[in-house]
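Novice: Provided herewith is a single structure, encoded as structure tokens, for subsequent inquiry.
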Amino acid sequence: MTELLFPITIFVLAILVGFEVISKVPATLHTPLMSGANSIHGIVLVGGMLIAADATEIVGYTLAFIAMVFGATNVVGGYVVTDRMLLMFKKKPTAPKADAKA
Amino acid sequence: MTISDLVYFAQLAGAAAFVLGLHYMNSPATARNGNLLSAGGMILAVVATLVGLVTRPGGLSPASWTIIIVGFAIGAGAGLWMAKNVKMTAMPQLVSLFNAVGGGAAALVAIQDYLRIGTEGGASVSTSVFVVLGAAIGCVTFSGSLIASGKLQGVVSGKPIIFPGSRPLTVVLAVVAVLGTAVLILDAAGTFALGGGVAALVLGVIIASALVFGITMVLPIGGADMPVVISLLNSFTGTAAAMAGFVLNNPVLIISGALVGASGGILTKLMADAMNRSIMNIIVGGFGGGEGTVGSAGGGATQARGISADDVAIQLVYASNVIIVPGYGLAVAQAQHACRELAELLESKGVDVKYAIHPVAGRMPGHMNVLLAEANVPYPSLKEMDEINPEFDRCDVALVVGANDVTNPAARRPGNPVSGMPILNVDHAKSIVVIKRSMGRGYAGIDNELYGNPKTGMLFADAKDGLSQLVAAVKAL
């Protein structure tokens, strides 16, 4: 149990940070924010690398390989699609119509 | 300071970048940089992990190298291709798909570590707890997110699917998973001596139950609630990643997983609030098959009045205030550009044109804003629901393009599937024009009473065709 005290402490603190880091978000940003959080749990890719490193037989190799493919899809796809969503919001202020009205 | 210390600090910096990145994503002005910061943190954490593995005593075997490089290349390629090529309308189901594979990866990591420890003399009690939690939660998100994605894509019916016995089955699956967990924990504590093979079998049963549970959990939930479900499953995946972090004793996984678990939970609540739904209602409502929630709104048969594009054009040109209500139908027909063309044409004739954006217009909160921004619709014309609703009373023509349930006045009455959902007060406008392919029902599966309103004219056309006809008719005037 003792060796778990430190991991559990950071787990609890990270949960509190997670609660606080999302504040009043306009509904417009809900989807990109969800997609952004979705990319972050792709960190499980690191877990895939660690089990790939320690695998020694065929079952382990197979599971690690699938985990690597899944994790990499999550990470790369997640960040790219989030960026695509956010890029569209960037265009707004430069839209010619907006300038004409301003 | 050793290399492994440096690796640890780099991973910690990555986790810090995730926190700051999420924080920046709260505001439109800083959102994109927030995402890039987060991506930078990810690259740092992954590279640091690789450096740590290479420099550790023994390094990486050729087989491990191959798995890491090839697995990453395939996954990254697939993810990149999908993210680059997906149509913006199909984006919500892609996010759900990415969430599914993330959950699957977390489950696999937990499972493989358990099997490896099993060959080295068995897992401790605490490891067993985290393995089972990680595997079970990961499997639920994997199958659940795939179903959610399928529902949005139309591969699986968007309607609530309830088969006889689905509710007891869901309960039985949950009980089996909990019992299996108890067996594995007692085994690790030394109460039983199951041996590696039997323990692996029990884990297999837990995994199978969790996979089926994910399916039976999401199937009974209607397509309109999918955004909230996806967000909830996203939060689950974060938790599964944190559990995998406990199994591997890796702080960056624990921090990031807990961060996503908690922030995803808050975001789920925010989304549900925007739709005036409670999370419990959506999930438990899905379980409750016997309540007869699906059915007619009881408004009687809807008699709709057809209208021609030329008539609509005349109404629009002589109006002083026009509000366009875009919905999912506009998005699937890729009619954003035709919509903007019509709006610009009307504005050139002195008509004041605004867009009423329902919080869940499109398929997800904020989805419609993305689609209209893609078509260069000026930001100030997009009005959120609370801001635009009083203006319908002064509006001459409300033009509803491919929106359905979010305009249904039945929502103001109790006792039907859309009850209590915030709606746009389209029925307050002096005249209403609905562009729609047919009298078909929306996600909620009920008739829209708006179509039976005497003020409403129906222009039966695909959103893009209908808008193009209007553009031509307005030009001809």
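Chain lettering (A, B, ...) mirrors the order of the structure tokens, residue numbering begins at 1 for each chain separately, and ligand numbering begins at 1 in order of display.
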Hey, what's within 6 Å of Thr31 (chain A) if we count only C-alpha atoms and toss same-chain stuff fewer than 3 positions away? As an MDAnalysis selection string, please?

Specialist: (chainID A and resid 34) or (chainID B and resid 365:366)

Novice: Give me the residues within 6 Å of region 357-363 of chain B as a ChimeraX atom specification, counting only C-alpha atoms and dropping any in the same chain fewer than 3 places off.

Specialist: /B:327-328,367-368,383-385

Novice: Go ahead and compute the interatomic distance for CA of Val322 (chain B) and CA of Asp465 (chain B), in Å to one decimal.

Specialist: 19.6 Å

Novice: Using only C-alpha atoms, which residues sit within 8 Å of Phe142 (chain B) once same-chain residues fewer than 4 positions away are excluded, as a ChimeraX atom specification?

Specialist: /B:99-104,138,146,211,214

Novice: Those residues you just picked out, can you put them in a file as an mmCIF file, in the first residue's frame with N, CA and C atoms?

Specialist:
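What follows is the written file again_1.cif:
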data_model
loop_
_atom_site.group_PDB
_atom_site.id
_atom_site.type_symbol
_atom_site.label_atom_id
_atom_site.label_comp_id
_atom_site.auth_asym_id
_atom_site.auth_seq_id
_atom_site.Cartn_x
_atom_site.Cartn_y
_atom_site.Cartn_z
ATOM 1 N N ASN B 99 -11.860 8.280 -29.838
ATOM 2 C CA ASN B 99 -12.058 7.974 -28.426
ATOM 3 C C ASN B 99 -12.109 6.462 -28.223
ATOM 4 N N ALA B 100 -12.773 5.767 -29.153
ATOM 5 C CA ALA B 100 -12.877 4.309 -29.055
ATOM 6 C C ALA B 100 -11.491 3.669 -29.050
ATOM 7 N N VAL B 101 -10.640 4.052 -30.008
ATOM 8 C CA VAL B 101 -9.323 3.411 -30.079
ATOM 9 C C VAL B 101 -8.468 3.788 -28.869
ATOM 10 N N GLY B 102 -8.657 5.001 -28.348
ATOM 11 C CA GLY B 102 -7.940 5.391 -27.126
ATOM 12 C C GLY B 102 -8.312 4.483 -25.970
ATOM 13 N N GLY B 103 -9.620 4.245 -25.809
ATOM 14 C CA GLY B 103 -10.088 3.355 -24.750
ATOM 15 C C GLY B 103 -9.569 1.940 -24.959
ATOM 16 N N GLY B 104 -9.588 1.499 -26.215
ATOM 17 C CA GLY B 104 -9.083 0.163 -26.535
ATOM 18 C C GLY B 104 -7.613 0.043 -26.172
ATOM 19 N N GLY B 138 -11.864 0.682 -20.153
ATOM 20 C CA GLY B 138 -11.372 0.827 -21.527
ATOM 21 C C GLY B 138 -12.245 0.077 -22.514
ATOM 22 N N LEU B 146 -17.724 3.070 -30.345
ATOM 23 C CA LEU B 146 -17.937 2.588 -31.713
ATOM 24 C C LEU B 146 -19.429 2.640 -32.060
ATOM 25 N N LEU B 211 -17.264 -5.282 -22.803
ATOM 26 C CA LEU B 211 -17.480 -4.945 -24.214
ATOM 27 C C LEU B 211 -18.970 -4.953 -24.546
ATOM 28 N N GLY B 214 -20.827 -2.025 -22.914
ATOM 29 C CA GLY B 214 -20.693 -0.769 -23.666
ATOM 30 C C GLY B 214 -21.748 -0.669 -24.756
#

Novice: Identify, on the basis of only C-alpha atoms, every residue whose closest approach to Ala72 (chain A) does not exceed 7 Å; exclude the query and any residue fewer than 5 positions from it along the same chain; express the result as a PyMOL selection string.

Specialist: (chain A and resi 45) or (chain B and resi 72+75-76)

Novice: Determine which residues of chain A receive a DSSP assignment of alpha helix (DSSP H), computed from the backbone, and state them as a PyMOL selection string.

Specialist: chain A and resi 2-21+30-40+44-54+58-72+78-91+96-101

Novice: Do a neighbour search on Met49 (chain A) at 12 Å with only C-alpha atoms, toss out local chain neighbours closer than 4 positions, and write the hits as an MDAnalysis selection string.

Specialist: (chainID A and resid 43:45 53:55 60:61 63:72) or (chainID B and resid 45:54 60 64:72 105:106 108:109 112:113 248 250)

Novice: For Arg84 (chain A), list every protein, DNA or RNA residue within 12 Å, evaluated using only C-alpha atoms, and leave out those in the same chain fewer than 2 positions away; present the list as a ChimeraX atom specification.

Specialist: /A:31-32,35-36,77-82,86-91 /B:31-32,35-36,80,82-88,91,370-371,373-374

Novice: Dump C-alpha atoms for the selected residues as an mmCIF file, in the first residue's frame?

Specialist:
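Okay, this is what ended up in part-v6.cif:
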data_model
loop_
_atom_site.group_PDB
_atom_site.id
_atom_site.type_symbol
_atom_site.label_atom_id
_atom_site.label_comp_id
_atom_site.auth_asym_id
_atom_site.auth_seq_id
_atom_site.Cartn_x
_atom_site.Cartn_y
_atom_site.Cartn_z
ATOM 1 C CA THR A 31 -16.819 20.366 -29.459
ATOM 2 C CA PRO A 32 -13.204 21.482 -29.992
ATOM 3 C CA SER A 35 -11.798 16.822 -29.119
ATOM 4 C CA GLY A 36 -8.746 18.409 -27.460
ATOM 5 C CA GLY A 77 -5.839 12.066 -35.503
ATOM 6 C CA GLY A 78 -7.116 13.823 -32.392
ATOM 7 C CA TYR A 79 -4.701 16.747 -32.540
ATOM 8 C CA VAL A 80 -5.033 17.236 -36.285
ATOM 9 C CA VAL A 81 -8.829 17.222 -36.311
ATOM 10 C CA THR A 82 -8.954 19.587 -33.315
ATOM 11 C CA LEU A 86 -10.048 25.648 -34.427
ATOM 12 C CA LEU A 87 -8.553 26.899 -37.676
ATOM 13 C CA MET A 88 -12.088 27.707 -38.833
ATOM 14 C CA PHE A 89 -12.710 29.996 -35.913
ATOM 15 C CA LYS A 90 -9.533 31.837 -36.803
ATOM 16 C CA LYS A 91 -10.883 32.753 -40.218
ATOM 17 C CA ALA B 31 -7.854 27.973 -28.288
ATOM 18 C CA ARG B 32 -5.681 27.114 -31.256
ATOM 19 C CA ASN B 35 -4.149 22.824 -28.756
ATOM 20 C CA LEU B 36 -0.704 23.306 -30.297
ATOM 21 C CA LEU B 80 -3.722 11.728 -40.019
ATOM 22 C CA MET B 82 -8.913 10.420 -41.429
ATOM 23 C CA ALA B 83 -8.457 13.765 -39.664
ATOM 24 C CA LYS B 84 -7.392 15.478 -42.915
ATOM 25 C CA ASN B 85 -10.067 13.958 -45.118
ATOM 26 C CA VAL B 86 -13.137 13.846 -42.923
ATOM 27 C CA LYS B 87 -15.924 16.185 -43.964
ATOM 28 C CA MET B 88 -16.657 18.707 -41.258
ATOM 29 C CA MET B 91 -16.425 15.200 -37.544
ATOM 30 C CA VAL B 370 -17.658 25.608 -37.368
ATOM 31 C CA LEU B 371 -19.598 24.809 -40.546
ATOM 32 C CA ALA B 373 -17.286 29.740 -40.370
ATOM 33 C CA GLU B 374 -16.015 27.397 -43.079
#
